[in-house]
Each structure stands twice: as structure tokens, then as C-alpha cells.
file data_3.json (JSON, C-alpha atoms and all ligand atoms)
[["chain", "number", "residue", "atom", "x", "y", "z"],
["A", 63, "MET", "CA", 9.40, -13.79, 27.32],
["A", 64, "THR", "CA", 6.45, -15.15, 25.32],
["A", 65, "LEU", "CA", 5.67, -13.93, 21.83],
["A", 66, "GLN", "CA", 2.44, -12.40, 23.10],
["A", 67, "GLN", "CA", 4.48, -10.05, 25.28],
["A", 68, "ILE", "CA", 6.19, -8.47, 22.27],
["A", 69, "ASN", "CA", 4.46, -5.22, 21.36],
["A", 70, "THR", "CA", 4.03, -4.93, 17.59],
["A", 71, "SER", "CA", 1.03, -2.59, 17.73],
["A", 72, "SER", "CA", 1.32, 0.64, 15.82],
["A", 73, "THR", "CA", -0.50, 3.85, 15.05],
["A", 74, "ILE", "CA", -1.08, 5.51, 11.70],
["A", 75, "ALA", "CA", -2.52, 9.01, 11.92],
["A", 76, "GLU", "CA", -3.94, 8.24, 15.38],
["A", 77, "VAL", "CA", -5.63, 5.09, 14.12],
["A", 78, "ASN", "CA", -4.51, 2.10, 16.18],
["A", 79, "LEU", "CA", -3.30, -1.04, 14.46],
["A", 80, "SER", "CA", -3.21, -4.14, 16.67],
["A", 81, "ASN", "CA", -0.07, -5.31, 14.88],
["A", 82, "TYR", "CA", 2.48, -4.23, 12.28],
["A", 83, "ILE", "CA", 1.09, -6.03, 9.22],
["A", 84, "ILE", "CA", -1.87, -5.32, 6.97],
["A", 85, "ASN", "CA", -2.87, -6.21, 3.42],
["A", 86, "ALA", "CA", -1.91, -3.90, 0.58],
["A", 87, "SER", "CA", -4.49, -2.66, -1.87],
["A", 88, "GLY", "CA", -4.45, -5.06, -4.81],
["A", 89, "PRO", "CA", -4.98, -8.77, -4.25],
["A", 90, "ARG", "CA", -8.03, -10.38, -2.67],
["A", 91, "CYS", "CA", -9.64, -7.17, -1.41],
["A", 92, "THR", "CA", -12.20, -6.34, -4.09],
["A", 93, "THR", "CA", -15.40, -8.15, -3.07],
["A", 94, "GLU", "CA", -17.27, -8.02, 0.23],
["A", 95, "ASP", "CA", -16.43, -11.69, 0.84],
["A", 96, "GLU", "CA", -12.73, -10.99, 0.39],
["A", 97, "LEU", "CA", -12.89, -7.97, 2.69],
["A", 98, "ILE", "CA", -14.76, -9.96, 5.36],
["A", 99, "ASN", "CA", -12.10, -12.64, 5.08],
["A", 100, "LEU", "CA", -9.52, -9.92, 5.83],
["A", 101, "ALA", "CA", -11.66, -8.73, 8.75],
["A", 102, "GLN", "CA", -11.48, -12.24, 10.20],
["A", 103, "SER", "CA", -7.74, -12.61, 9.57],
["A", 104, "ASP", "CA", -4.70, -11.35, 11.51],
["A", 105, "SER", "CA", -4.30, -8.42, 9.13],
["A", 106, "ALA", "CA", -4.36, -5.38, 11.44],
["A", 107, "ALA", "CA", -6.63, -3.48, 9.07],
["A", 108, "ILE", "CA", -8.92, -4.03, 6.12],
["A", 109, "MET", "CA", -7.57, -2.30, 3.02],
["A", 110, "THR", "CA", -9.82, -2.18, -0.03],
["A", 111, "LYS", "CA", -8.90, -2.56, -3.67],
["A", 112, "SER", "CA", -8.45, 0.87, -5.27],
["A", 113, "CYS", "CA", -11.84, 2.08, -6.38],
["A", 114, "THR", "CA", -12.91, 4.23, -9.30],
["A", 115, "LEU", "CA", -16.08, 6.23, -9.88],
["A", 116, "LEU", "CA", -17.65, 3.46, -11.93],
["A", 117, "PRO", "CA", -17.24, -0.32, -11.64],
["A", 118, "ARG", "CA", -14.49, -1.72, -13.86],
["A", 119, "SER", "CA", -13.83, -5.24, -15.07],
["A", 120, "GLY", "CA", -10.17, -4.39, -15.67],
["A", 121, "ASN", "CA", -7.73, -5.36, -18.41],
["A", 122, "PRO", "CA", -7.93, -8.49, -20.57],
["A", 123, "GLU", "CA", -6.48, -11.73, -19.16],
["A", 124, "PRO", "CA", -3.91, -13.09, -18.58],
["A", 125, "ARG", "CA", -3.12, -10.03, -16.46],
["A", 126, "TYR", "CA", -1.32, -11.53, -13.44],
["A", 127, "GLN", "CA", 1.55, -14.00, -13.44],
["A", 128, "THR", "CA", 3.46, -15.51, -10.58],
["A", 129, "LEU", "CA", 7.23, -15.29, -10.97],
["A", 130, "GLU", "CA", 10.01, -17.07, -9.13],
["A", 131, "HIS", "CA", 10.51, -14.14, -6.73],
["A", 132, "GLY", "CA", 7.31, -12.15, -7.05],
["A", 133, "SER", "CA", 4.70, -11.33, -9.64],
["A", 134, "VAL", "CA", 3.95, -9.10, -12.57],
["A", 135, "GLN", "CA", 0.49, -7.69, -13.13],
["A", 136, "SER", "CA", -1.54, -5.33, -15.22],
["A", 137, "MET", "CA", -4.96, -5.69, -13.65],
["A", 138, "GLY", "CA", -6.37, -2.39, -14.90],
["A", 139, "LEU", "CA", -8.21, -1.47, -11.71],
["A", 140, "PRO", "CA", -10.96, -4.09, -11.63],
["A", 141, "ASN", "CA", -13.25, -2.97, -8.80],
["A", 142, "LEU", "CA", -16.91, -2.66, -7.85],
["A", 143, "GLY", "CA", -17.04, 1.14, -8.12],
["A", 144, "TYR", "CA", -16.78, 3.42, -5.11],
["A", 145, "GLN", "CA", -20.48, 3.33, -4.23],
["A", 146, "ALA", "CA", -20.29, -0.39, -3.47],
["A", 147, "TYR", "CA", -17.48, 0.23, -0.95],
["A", 148, "LEU", "CA", -19.38, 3.12, 0.60],
["A", 149, "ASP", "CA", -22.39, 0.83, 1.04],
["A", 150, "MET", "CA", -20.26, -1.95, 2.49],
["A", 151, "LEU", "CA", -18.48, 0.18, 5.10],
["A", 152, "PRO", "CA", -21.04, -0.12, 7.92],
["A", 153, "ARG", "CA", -20.92, -3.91, 7.57],
["A", 154, "LEU", "CA", -17.11, -4.02, 7.49],
["A", 155, "LYS", "CA", -16.90, -1.75, 10.53],
["A", 156, "GLN", "CA", -18.79, -4.34, 12.60],
["A", 157, "TYR", "CA", -15.53, -6.31, 12.84],
["A", 158, "ASN", "CA", -13.94, -3.59, 15.00],
["A", 159, "LYS", "CA", -10.90, -3.24, 12.81],
["A", 160, "PRO", "CA", -9.69, -0.12, 10.98],
["A", 161, "VAL", "CA", -10.90, 0.09, 7.40],
["A", 162, "ILE", "CA", -8.69, 1.86, 4.89],
["A", 163, "VAL", "CA", -10.32, 2.80, 1.60],
["A", 164, "SER", "CA", -8.03, 2.99, -1.41],
["A", 165, "ILE", "CA", -9.15, 5.52, -4.01],
["A", 166, "SER", "CA", -7.76, 5.66, -7.53],
["A", 167, "GLY", "CA", -9.61, 8.18, -9.64],
["A", 168, "LEU", "CA", -8.84, 8.41, -13.34],
["A", 169, "SER", "CA", -8.64, 12.19, -12.96],
["A", 170, "ILE", "CA", -8.22, 14.75, -10.20],
["A", 171, "SER", "CA", -11.93, 15.52, -10.31],
["A", 172, "ASP", "CA", -12.76, 11.80, -9.88],
["A", 173, "ASN", "CA", -10.52, 11.77, -6.81],
["A", 174, "VAL", "CA", -12.19, 14.90, -5.43],
["A", 175, "GLU", "CA", -15.63, 13.35, -5.86],
["A", 176, "MET", "CA", -14.67, 10.07, -4.17],
["A", 177, "VAL", "CA", -12.63, 11.62, -1.35],
["A", 178, "SER", "CA", -15.58, 13.94, -0.58],
["A", 179, "LYS", "CA", -17.92, 10.96, -0.32],
["A", 180, "PHE", "CA", -15.57, 8.88, 1.85],
["A", 181, "GLN", "CA", -14.88, 11.90, 4.08],
["A", 182, "GLN", "CA", -18.52, 11.49, 5.16],
["A", 183, "SER", "CA", -18.21, 7.74, 5.72],
["A", 184, "GLU", "CA", -17.10, 5.39, 8.49],
["A", 185, "ALA", "CA", -13.71, 4.75, 6.85],
["A", 186, "ASP", "CA", -10.80, 5.19, 9.25],
["A", 187, "LEU", "CA", -8.17, 6.22, 6.71],
["A", 188, "LEU", "CA", -8.21, 7.14, 3.03],
["A", 189, "GLU", "CA", -5.31, 6.10, 0.80],
["A", 190, "VAL", "CA", -5.36, 7.93, -2.53],
["A", 191, "ASN", "CA", -3.43, 6.07, -5.19],
["A", 192, "PHE", "CA", -1.01, 8.35, -7.08],
["A", 193, "SER", "CA", 0.75, 5.47, -8.76],
["A", 194, "CYS", "CA", -1.41, 3.07, -10.74],
["A", 195, "PRO", "CA", 0.72, 2.13, -13.75],
["A", 196, "ASN", "CA", -1.80, 0.03, -15.63],
["A", 197, "VAL", "CA", -4.51, 2.17, -17.17],
["A", 198, "PRO", "CA", -3.59, 2.93, -20.80],
["A", 199, "GLY", "CA", -3.44, 6.67, -21.41],
["A", 200, "LYS", "CA", -3.35, 7.52, -17.69],
["A", 201, "PRO", "CA", 0.19, 8.24, -16.49],
["A", 202, "GLN", "CA", 1.19, 7.72, -12.88],
["A", 203, "LEU", "CA", 0.28, 10.93, -11.04],
["A", 204, "GLY", "CA", 3.25, 10.58, -8.71],
["A", 205, "TYR", "CA", 5.70, 10.99, -11.58],
["A", 206, "ASP", "CA", 4.21, 14.35, -12.61],
["A", 207, "PHE", "CA", 5.13, 16.75, -9.81],
["A", 208, "GLU", "CA", 2.93, 19.61, -11.01],
["A", 209, "GLN", "CA", -0.11, 17.35, -11.14],
["A", 210, "THR", "CA", 0.82, 15.81, -7.79],
["A", 211, "GLU", "CA", 0.74, 19.25, -6.18],
["A", 212, "LYS", "CA", -2.50, 20.14, -7.92],
["A", 213, "ALA", "CA", -4.12, 16.89, -6.83],
["A", 214, "LEU", "CA", -2.96, 17.31, -3.23],
["A", 215, "ALA", "CA", -4.31, 20.85, -3.11],
["A", 216, "ALA", "CA", -7.68, 19.56, -4.30],
["A", 217, "ILE", "CA", -8.08, 16.45, -2.15],
["A", 218, "THR", "CA", -6.74, 17.77, 1.17],
["A", 219, "LYS", "CA", -9.42, 20.39, 1.69],
["A", 220, "LEU", "CA", -12.44, 18.09, 1.68],
["A", 221, "GLY", "CA", -12.63, 17.07, 5.34],
["A", 222, "ASP", "CA", -10.76, 16.04, 8.46],
["A", 223, "LYS", "CA", -10.45, 12.30, 7.97],
["A", 224, "PRO", "CA", -6.76, 11.34, 7.73],
["A", 225, "LEU", "CA", -5.56, 11.14, 4.17],
["A", 226, "GLY", "CA", -2.52, 9.38, 2.78],
["A", 227, "ILE", "CA", -1.14, 8.73, -0.66],
["A", 228, "LYS", "CA", 0.29, 5.67, -2.34],
["A", 229, "LEU", "CA", 3.48, 6.67, -4.09],
["A", 230, "PRO", "CA", 5.40, 5.12, -6.95],
["A", 231, "ALA", "CA", 9.05, 4.24, -6.44],
["A", 232, "TYR", "CA", 11.57, 7.02, -6.92],
["A", 233, "PHE", "CA", 15.15, 6.46, -7.94],
["A", 234, "ASP", "CA", 16.75, 9.88, -7.85],
["A", 235, "MET", "CA", 17.56, 12.04, -4.83],
["A", 236, "ASN", "CA", 16.21, 15.14, -6.54],
["A", 237, "HIS", "CA", 12.87, 13.43, -7.02],
["A", 238, "PHE", "CA", 12.71, 12.32, -3.38],
["A", 239, "GLU", "CA", 13.39, 15.87, -2.24],
["A", 240, "THR", "CA", 10.91, 17.40, -4.66],
["A", 241, "VAL", "CA", 8.14, 15.02, -3.60],
["A", 242, "ALA", "CA", 8.89, 15.44, 0.12],
["A", 243, "ASN", "CA", 8.79, 19.23, -0.24],
["A", 244, "ILE", "CA", 5.43, 19.04, -2.00],
["A", 245, "LEU", "CA", 3.99, 16.70, 0.64],
["A", 246, "LYS", "CA", 5.09, 19.05, 3.42],
["A", 247, "LYS", "CA", 2.82, 21.77, 2.04],
["A", 248, "PHE", "CA", -0.32, 19.72, 2.69],
["A", 249, "PRO", "CA", -1.96, 17.98, 5.66],
["A", 250, "ILE", "CA", -1.03, 14.52, 4.42],
["A", 251, "LYS", "CA", -1.00, 12.06, 7.35],
["A", 252, "PHE", "CA", 0.74, 9.08, 5.78],
["A", 253, "ILE", "CA", 2.39, 7.72, 2.68],
["A", 254, "SER", "CA", 2.41, 4.16, 1.40],
["A", 255, "SER", "CA", 5.67, 3.45, -0.35],
["A", 256, "ILE", "CA", 6.04, 1.78, -2.82],
["A", 257, "ASN", "CA", 3.60, 0.69, -5.48],
["A", 258, "SER", "CA", 4.62, -1.94, -8.02],
["A", 259, "ILE", "CA", 7.40, -0.83, -10.38],
["A", 260, "GLY", "CA", 5.41, 0.17, -13.45],
["A", 261, "ASN", "CA", 5.86, -0.88, -17.04],
["A", 262, "THR", "CA", 8.32, -3.72, -16.63],
["A", 263, "LEU", "CA", 8.67, -6.53, -19.16],
["A", 264, "VAL", "CA", 8.90, -10.23, -18.33],
["A", 265, "ILE", "CA", 9.57, -12.51, -21.31],
["A", 266, "ASP", "CA", 9.06, -16.25, -21.65],
["A", 267, "ALA", "CA", 12.07, -17.39, -23.68],
["A", 268, "ASP", "CA", 10.47, -20.79, -24.44],
["A", 269, "THR", "CA", 7.43, -19.30, -26.13],
["A", 270, "GLU", "CA", 9.34, -16.17, -27.19],
["A", 271, "SER", "CA", 6.39, -14.20, -25.89],
["A", 272, "THR", "CA", 5.17, -11.74, -23.33],
["A", 273, "ILE", "CA", 3.43, -13.40, -20.36],
["A", 274, "ILE", "CA", 0.63, -10.92, -19.70],
["A", 275, "LYS", "CA", -1.75, -9.57, -22.31],
["A", 276, "PRO", "CA", -2.42, -5.89, -21.50],
["A", 277, "ASN", "CA", -0.18, -3.00, -22.52],
["A", 278, "SER", "CA", 1.88, -5.07, -24.99],
["A", 279, "GLY", "CA", 3.05, -7.21, -22.09],
["A", 280, "LEU", "CA", 4.25, -4.41, -19.82],
["A", 281, "GLY", "CA", 3.14, -4.60, -16.20],
["A", 282, "GLY", "CA", 3.87, -3.70, -12.61],
["A", 283, "LEU", "CA", 6.64, -5.73, -10.98],
["A", 284, "CYS", "CA", 5.94, -6.89, -7.42],
["A", 285, "GLY", "CA", 7.43, -9.10, -4.73],
["A", 286, "SER", "CA", 11.01, -9.77, -3.66],
["A", 287, "TYR", "CA", 12.46, -8.15, -6.78],
["A", 288, "ILE", "CA", 11.35, -4.75, -5.52],
["A", 289, "LYS", "CA", 12.11, -5.02, -1.79],
["A", 290, "PRO", "CA", 15.45, -3.14, -1.95],
["A", 291, "ILE", "CA", 13.67, -0.34, -3.82],
["A", 292, "GLY", "CA", 10.87, -0.24, -1.24],
["A", 293, "LEU", "CA", 13.35, -0.17, 1.63],
["A", 294, "ALA", "CA", 15.29, 2.69, 0.03],
["A", 295, "ASN", "CA", 12.11, 4.68, -0.56],
["A", 296, "VAL", "CA", 10.90, 4.21, 3.02],
["A", 297, "ARG", "CA", 14.29, 5.04, 4.47],
["A", 298, "THR", "CA", 14.73, 8.15, 2.30],
["A", 299, "PHE", "CA", 11.23, 9.51, 2.87],
["A", 300, "ARG", "CA", 11.62, 8.85, 6.62],
["A", 301, "SER", "CA", 14.68, 11.08, 6.60],
["A", 302, "LEU", "CA", 13.00, 13.83, 4.55],
["A", 303, "LEU", "CA", 9.47, 13.98, 6.01],
["A", 304, "PRO", "CA", 8.40, 15.32, 9.42],
["A", 305, "LYS", "CA", 7.77, 12.54, 11.94],
["A", 306, "GLU", "CA", 4.06, 13.37, 12.02],
["A", 307, "ILE", "CA", 3.73, 11.83, 8.55],
["A", 308, "CYS", "CA", 3.53, 8.06, 9.01],
["A", 309, "ILE", "CA", 4.88, 5.55, 6.50],
["A", 310, "PHE", "CA", 3.51, 2.21, 5.35],
["A", 311, "GLY", "CA", 6.33, 0.15, 3.83],
["A", 312, "VAL", "CA", 5.22, -1.91, 0.84],
["A", 313, "GLY", "CA", 7.14, -4.20, -1.49],
["A", 314, "GLY", "CA", 8.38, -7.74, -1.07],
["A", 315, "VAL", "CA", 7.20, -8.62, 2.44],
["A", 316, "TYR", "CA", 7.10, -12.45, 2.57],
["A", 317, "THR", "CA", 8.72, -13.12, 5.95],
["A", 318, "GLY", "CA", 9.15, -11.64, 9.39],
["A", 319, "ILE", "CA", 12.67, -10.67, 8.38],
["A", 320, "ASP", "CA", 11.31, -8.57, 5.51],
["A", 321, "ALA", "CA", 8.96, -6.78, 7.92],
["A", 322, "PHE", "CA", 11.85, -6.32, 10.38],
["A", 323, "GLU", "CA", 13.94, -4.70, 7.61],
["A", 324, "TYR", "CA", 11.13, -2.23, 6.84],
["A", 325, "LEU", "CA", 10.97, -1.49, 10.58],
["A", 326, "LEU", "CA", 14.70, -0.71, 10.62],
["A", 327, "ALA", "CA", 14.18, 1.54, 7.59],
["A", 328, "GLY", "CA", 11.56, 3.47, 9.57],
["A", 329, "ALA", "CA", 8.18, 2.10, 8.46],
["A", 330, "ASP", "CA", 5.31, 2.47, 10.95],
["A", 331, "ALA", "CA", 3.63, -0.63, 9.51],
["A", 332, "VAL", "CA", 3.92, -2.80, 6.41],
["A", 333, "GLN", "CA", 1.47, -3.85, 3.71],
["A", 334, "VAL", "CA", 1.56, -7.24, 2.01],
["A", 335, "ALA", "CA", 0.45, -7.84, -1.59],
["A", 336, "THR", "CA", 2.02, -10.70, -3.59],
["A", 337, "CYS", "CA", 2.58, -12.95, -0.57],
["A", 338, "TYR", "CA", -1.10, -12.53, 0.38],
["A", 339, "GLN", "CA", -2.16, -13.19, -3.21],
["A", 340, "GLU", "CA", -0.11, -16.41, -3.27],
["A", 341, "GLN", "CA", -0.73, -17.71, 0.26],
["A", 342, "GLY", "CA", -4.06, -16.27, 1.41],
["A", 343, "SER", "CA", -4.84, -14.71, 4.76],
["A", 344, "GLU", "CA", -2.94, -17.32, 6.79],
["A", 345, "CYS", "CA", 0.15, -15.34, 5.84],
["A", 346, "PHE", "CA", -0.77, -12.59, 8.30],
["A", 347, "THR", "CA", -0.67, -15.05, 11.21],
["A", 348, "ARG", "CA", 2.68, -16.44, 10.07],
["A", 349, "LEU", "CA", 4.19, -12.99, 9.43],
["A", 350, "ASN", "CA", 3.14, -11.78, 12.87],
["A", 351, "ASN", "CA", 4.64, -14.83, 14.53],
["A", 352, "GLU", "CA", 7.86, -14.49, 12.57],
["A", 353, "LEU", "CA", 8.22, -10.78, 13.34],
["A", 354, "SER", "CA", 7.62, -11.34, 17.06],
["A", 355, "THR", "CA", 10.07, -14.26, 17.05],
["A", 356, "ILE", "CA", 12.82, -12.14, 15.49],
["A", 357, "LEU", "CA", 12.20, -9.28, 17.92],
["A", 358, "ALA", "CA", 12.25, -11.68, 20.89],
["A", 359, "SER", "CA", 15.41, -13.42, 19.68],
["A", 360, "LYS", "CA", 17.16, -10.06, 19.55],
["A", 361, "GLY", "CA", 15.94, -9.10, 23.01],
["A", 362, "TYR", "CA", 13.49, -6.43, 21.86],
["A", 363, "LYS", "CA", 10.08, -6.08, 23.52],
["A", 364, "ASP", "CA", 8.61, -3.36, 21.35],
["A", 365, "ILE", "CA", 8.82, -2.34, 17.69],
["A", 366, "ASN", "CA", 9.60, 1.21, 18.79],
["A", 367, "GLU", "CA", 13.02, 0.07, 20.02],
["A", 368, "VAL", "CA", 13.88, -0.77, 16.41],
["A", 369, "LYS", "CA", 11.90, 1.66, 14.26],
["A", 370, "GLY", "CA", 14.23, 3.67, 12.03],
["A", 371, "LYS", "CA", 17.31, 2.39, 13.87],
["A", 372, "LEU", "CA", 19.14, 1.08, 10.80],
["A", 373, "GLN", "CA", 22.89, 1.18, 11.34],
["A", 374, "THR", "CA", 25.17, 2.41, 8.60],
["A", 375, "ILE", "CA", 28.73, 1.27, 8.02],
["B", 401, "LIG", "C1", -3.61, -1.57, -10.35],
["B", 401, "LIG", "C2", -2.26, -1.72, -10.17],
["B", 401, "LIG", "C3", -1.60, -0.91, -9.29],
["B", 401, "LIG", "O1", -0.28, -1.05, -9.05],
["B", 401, "LIG", "C4", -2.29, 0.08, -8.63],
["B", 401, "LIG", "O2", -1.66, 0.90, -7.79],
["B", 401, "LIG", "C5", -3.64, 0.22, -8.81],
["B", 401, "LIG", "C6", -4.29, -0.60, -9.68],
["B", 401, "LIG", "C7", -4.33, -2.40, -11.30],
["B", 401, "LIG", "O3", -3.81, -2.66, -12.40],
["B", 401, "LIG", "O4", -5.47, -2.79, -10.99]]
call {"tool": "encode", "arguments": {"input": "data_3.json", "output": "C-alpha cells", "more": "lines below"}}
Ligand code: DHB
result
Amino acid sequence: MTLQQINTSSTIAEVNLSNYIINASGPRCTTEDELINLAQSDSAAIMTKSCTLLPRSGNPEPRYQTLEHGSVQSMGLPNLGYQAYLDMLPRLKQYNKPVIVSISGLSISDNVEMVSKFQQSEADLLEVNFSCPNVPGKPQLGYDFEQTEKALAAITKLGDKPLGIKLPAYFDMNHFETVANILKKFPIKFISSINSIGNTLVIDADTESTIIKPNSGLGGLCGSYIKPIGLANVRTFRSLLPKEICIFGVGGVYTGIDAFEYLLAGADAVQVATCYQEQGSECFTRLNNELSTILASKGYKDINEVKGKLQTI
């Protein structure tokens, strides 16, 4: 069997993805040039940087640092403002690839305004970010269950385009159940799980200092450090949510094996952030090859033979 015969295509809310791997909102997806580069890559979709009502230059630098097994960042939502992404959409759509717009309002009313606008656009999917940890004074929506419900009630009645939300990591079974029960009340079509682990501290012992400037050195932890947390969140939400709600697995995908693990945990597709930041868009080609190679070596022809099939001992 050749690698091309392995089926890794997937569907999120009836939007077809030609393979299992796309970029995550975050790195290298802010400018039109970056998004066109994604359009021309093997990423199965074009995901935009989370946008806000107005353009933002983000937090002071240094605000991103590479670590041995990942990264830590406090970017502060640098983006061109939602209007720029609205204007760009017809040009991005010329590449015949799904476009997913990430929306990260600083308030529920900002989210309502942006979701309304993108409901009338050519975007294929909308991912509303409930978990940005890096804007001082703005807590992560996904950790406030009352606000989460209020926000979902507001943003899910604005049109028929499939809507998903980007969740923070949860660590307690009660929280998983509470969030799943809230999600079930609304026509949410997918979740992306997880965002970076917010407000972590990396210290340089040599300089006896923080390594990023914003928020007194606290930032979102990304990469391999957080993969076991991402896998647990995907697996737990898969068991709690109806199968109609799709799941993007996010957190620590660097290799085909990482993607395969998210597949076992039940993810419908994975998103790649730090690895893409570090390696550029060639990583999508490599990841696809590696995932197909693993599937072939195990005798699988299709991701659906593996999805959610994690064994327990
Ligand atoms: C940023 C970081 C995030 O983890 C996120 O979800 C959105 C924005 C940022 O700092 O830009």
C-alpha cells in the first residue's frame, strides 16, 4: 500500500479537510502573506490569528521564547483587526481550501459584533476564542462558567455558519462535566482543545530573571509540555459530548506519532502551533507523511479505523 492510499481526510461540521492536520491560531497566521503561505502549504485549512475589533500591536517584547520542549508566550493578541480579515477572505478563498476565522473579542459584545460580520462572509468555520490568557485585566472566558454560558447564548443566534470554541485546559472532572453540559445547550459544532496553559512562569536561573516581558513574566505554555493535558482534554470531552460536536486536538503536535495519539484520543483533526512557529509550513508535509507512515505500518487504511479507539489497561 502506498502512503497516498491512506485516507487521512476528515470533516469538521460538514466542512471537508483534505487531511488531518491544520495550523492552530497563533503563529504565522496574522498577515495576508502568512495566510497565503498557509494556503499554499499542506495545512488542510487556513486558520487566522485571533482577531479583535480594532488592530492591536500586542504586548511588549520579548513576548515569545523557545524552550527545550515547547515555547512560552504572551503575545497579547497582535492582529490586524477583524475588518482586515473580512476584506482578505475573498482572496484567501481563491485557494480552494477551508478558511477558519479565529475571533477573540475583549468582551461578549465584541464577539457578537465580529461573529455577526463573519456570519455574512465567505469563512467556512468560525472559532471563537474563550481562552486567551494574555490580555491584562481580561480573564479567560472558559474558566468562568456563567460568562461562558452567557457568551454562548449570545454568539450562537447570529447565523447558520458553523461555530466552534477554543477552550482552555481543564483539570478537574467536575469542570469537564460542567462545560460539556453548557456546550450541549447550544448549537456548537466543534471545540478546539486545548489553548496554551495560561499564566505559567519560566525562569532563567543564569540571569535570575523572567524570560518574557509582559505580565511580570507569566505566559502561556505551549508544545510538548502540554501534550498529555491536551490528550486528556480531548479524550474526556469526546466521552462527554455528543458525536455531532467535532473536536480539534491542539497541544504538542510535533510528529506523526503525536497526531496519531490525538486520533486515538478521539480528535477529528489536529492543529499545530509551536512546531509550525519553529519549523515553518514544511512541517505540514512532514507531519502528513509521518501520520500516513504510522497508519500504514500498523495496517490501517483510514483514520476512522483508529479514531477514539484508545485501549485502556
Ligand atoms: C494569544 C494567546 C493565546 O493563547 C490565545 O488564545 C489568543 C491570543 C496572544 O497572546 O496573542
call {"tool": "closest_residue", "arguments": {"input": "data_3.json", "among": "A:Gly282, A:Pro122, A:Gly199, A:Pro117", "to": "ligand LIG 401 (chain B)", "atoms": "all atoms listed in the file"}}
result
A:Gly282
call {"tool": "closest_residue", "arguments": {"input": "data_3.json", "among": "A:Met109, A:Ile170, A:Ala327, A:Ile365", "to": "Pro89 of chain A", "atoms": "only C-alpha atoms"}}
result
A:Met109
call {"tool": "residues_near_ligand", "arguments": {"input": "data_3.json", "ligand": "ligand LIG 401 (chain B)", "cutoff": "8 Å", "atoms": "all atoms listed in the file", "output": "VMD selection string"}}
result
chain A and resid 87 to 88 111 to 112 120 to 121 135 to 140 166 191 to 197 228 257 to 260 282
call {"tool": "closest_atom_pairs", "arguments": {"input": "data_3.json", "of": "segment 231-292 of chain A", "to": "segment 211-220 of chain A", "cutoff": "9 Å", "atoms": "all atoms listed in the file", "output": "Markdown table"}}
result
| residue | atom | partner | partner_atom | distance |
| --- | --- | --- | --- | --- |
| A:Val241 | CA | A:Glu211 | CA | 8.9 |
| A:Ile244 | CA | A:Glu211 | CA | 6.3 |
| A:Leu245 | CA | A:Glu211 | CA | 8.0 |
| A:Lys247 | CA | A:Ala215 | CA | 8.8 |
| A:Phe248 | CA | A:Thr218 | CA | 6.9 |
| A:Pro249 | CA | A:Thr218 | CA | 6.6 |
| A:Ile250 | CA | A:Thr218 | CA | 7.3 |
call {"tool": "closest_residue", "arguments": {"input": "data_3.json", "among": "A:Lys360, A:Lys275, A:Lys371, A:His131", "to": "Tyr316 of chain A", "atoms": "all atoms listed in the file"}}
result
A:His131
call {"tool": "closest_residue", "arguments": {"input": "data_3.json", "among": "A:Asp320, A:Asp104, A:Asp206, A:Glu123", "to": "Glu344 of chain A", "atoms": "all atoms listed in the file"}}
result
A:Asp104
call {"tool": "atom_distance", "arguments": {"input": "data_3.json", "atom1": "atom CA of Phe207 of chain A", "atom2": "atom CA of Met235 of chain A"}}
result
14.2 Å
call {"tool": "atom_distance", "arguments": {"input": "data_3.json", "atom1": "atom CA of Ile307 of chain A", "atom2": "atom CA of Ile253 of chain A"}}
result
7.3 Å
call {"tool": "closest_residue", "arguments": {"input": "data_3.json", "among": "A:Ile274, A:Val315, A:Val332, A:Leu353", "to": "Pro290 of chain A", "atoms": "all atoms listed in the file"}}
result
A:Val315
call {"tool": "decode", "arguments": {"input": "data_3.json", "residues": "segment 110-121 of chain A", "atoms": "N, CA, C and O atoms", "output": "mmCIF file, in the first residue's frame"}}
result
data_model
loop_
_atom_site.group_PDB
_atom_site.id
_atom_site.type_symbol
_atom_site.label_atom_id
_atom_site.label_comp_id
_atom_site.auth_asym_id
_atom_site.auth_seq_id
_atom_site.Cartn_x
_atom_site.Cartn_y
_atom_site.Cartn_z
ATOM 1 N N THR A 110 -6.850 31.671 10.859
ATOM 2 C CA THR A 110 -6.293 33.017 11.076
ATOM 3 C C THR A 110 -5.896 33.213 12.540
ATOM 4 O O THR A 110 -6.408 32.538 13.435
ATOM 5 N N LYS A 111 -5.017 34.154 12.757
ATOM 6 C CA LYS A 111 -4.740 34.638 14.108
ATOM 7 C C LYS A 111 -6.034 35.194 14.692
ATOM 8 O O LYS A 111 -6.842 35.799 13.976
ATOM 9 N N SER A 112 -6.236 35.004 15.996
ATOM 10 C CA SER A 112 -7.443 35.541 16.639
ATOM 11 C C SER A 112 -7.525 37.048 16.415
ATOM 12 O O SER A 112 -6.563 37.770 16.690
ATOM 13 N N CYS A 113 -8.686 37.487 15.962
ATOM 14 C CA CYS A 113 -8.825 38.920 15.693
ATOM 15 C C CYS A 113 -9.663 39.598 16.769
ATOM 16 O O CYS A 113 -10.446 38.975 17.486
ATOM 17 N N THR A 114 -9.441 40.888 16.871
ATOM 18 C CA THR A 114 -10.190 41.752 17.791
ATOM 19 C C THR A 114 -10.883 42.835 16.958
ATOM 20 O O THR A 114 -10.634 42.959 15.755
ATOM 21 N N LEU A 115 -11.735 43.623 17.610
ATOM 22 C CA LEU A 115 -12.447 44.663 16.858
ATOM 23 C C LEU A 115 -11.468 45.608 16.176
ATOM 24 O O LEU A 115 -11.610 45.925 14.996
ATOM 25 N N LEU A 116 -10.480 46.047 16.956
ATOM 26 C CA LEU A 116 -9.500 47.005 16.422
ATOM 27 C C LEU A 116 -8.146 46.330 16.259
ATOM 28 O O LEU A 116 -7.851 45.351 16.969
ATOM 29 N N PRO A 117 -7.305 46.836 15.355
ATOM 30 C CA PRO A 117 -5.949 46.276 15.242
ATOM 31 C C PRO A 117 -5.218 46.424 16.571
ATOM 32 O O PRO A 117 -5.465 47.373 17.319
ATOM 33 N N ARG A 118 -4.343 45.465 16.858
ATOM 34 C CA ARG A 118 -3.537 45.526 18.082
ATOM 35 C C ARG A 118 -2.086 45.210 17.752
ATOM 36 O O ARG A 118 -1.809 44.304 16.961
ATOM 37 N N SER A 119 -1.177 45.937 18.408
ATOM 38 C CA SER A 119 0.237 45.593 18.202
ATOM 39 C C SER A 119 0.701 44.561 19.225
ATOM 40 O O SER A 119 1.784 43.993 19.099
ATOM 41 N N GLY A 120 -0.101 44.301 20.249
ATOM 42 C CA GLY A 120 0.223 43.246 21.206
ATOM 43 C C GLY A 120 1.078 43.744 22.352
ATOM 44 O O GLY A 120 1.283 44.942 22.540
ATOM 45 N N ASN A 121 1.565 42.787 23.144
ATOM 46 C CA ASN A 121 2.327 43.100 24.350
ATOM 47 C C ASN A 121 3.773 43.476 24.005
ATOM 48 O O ASN A 121 4.261 43.156 22.920
#
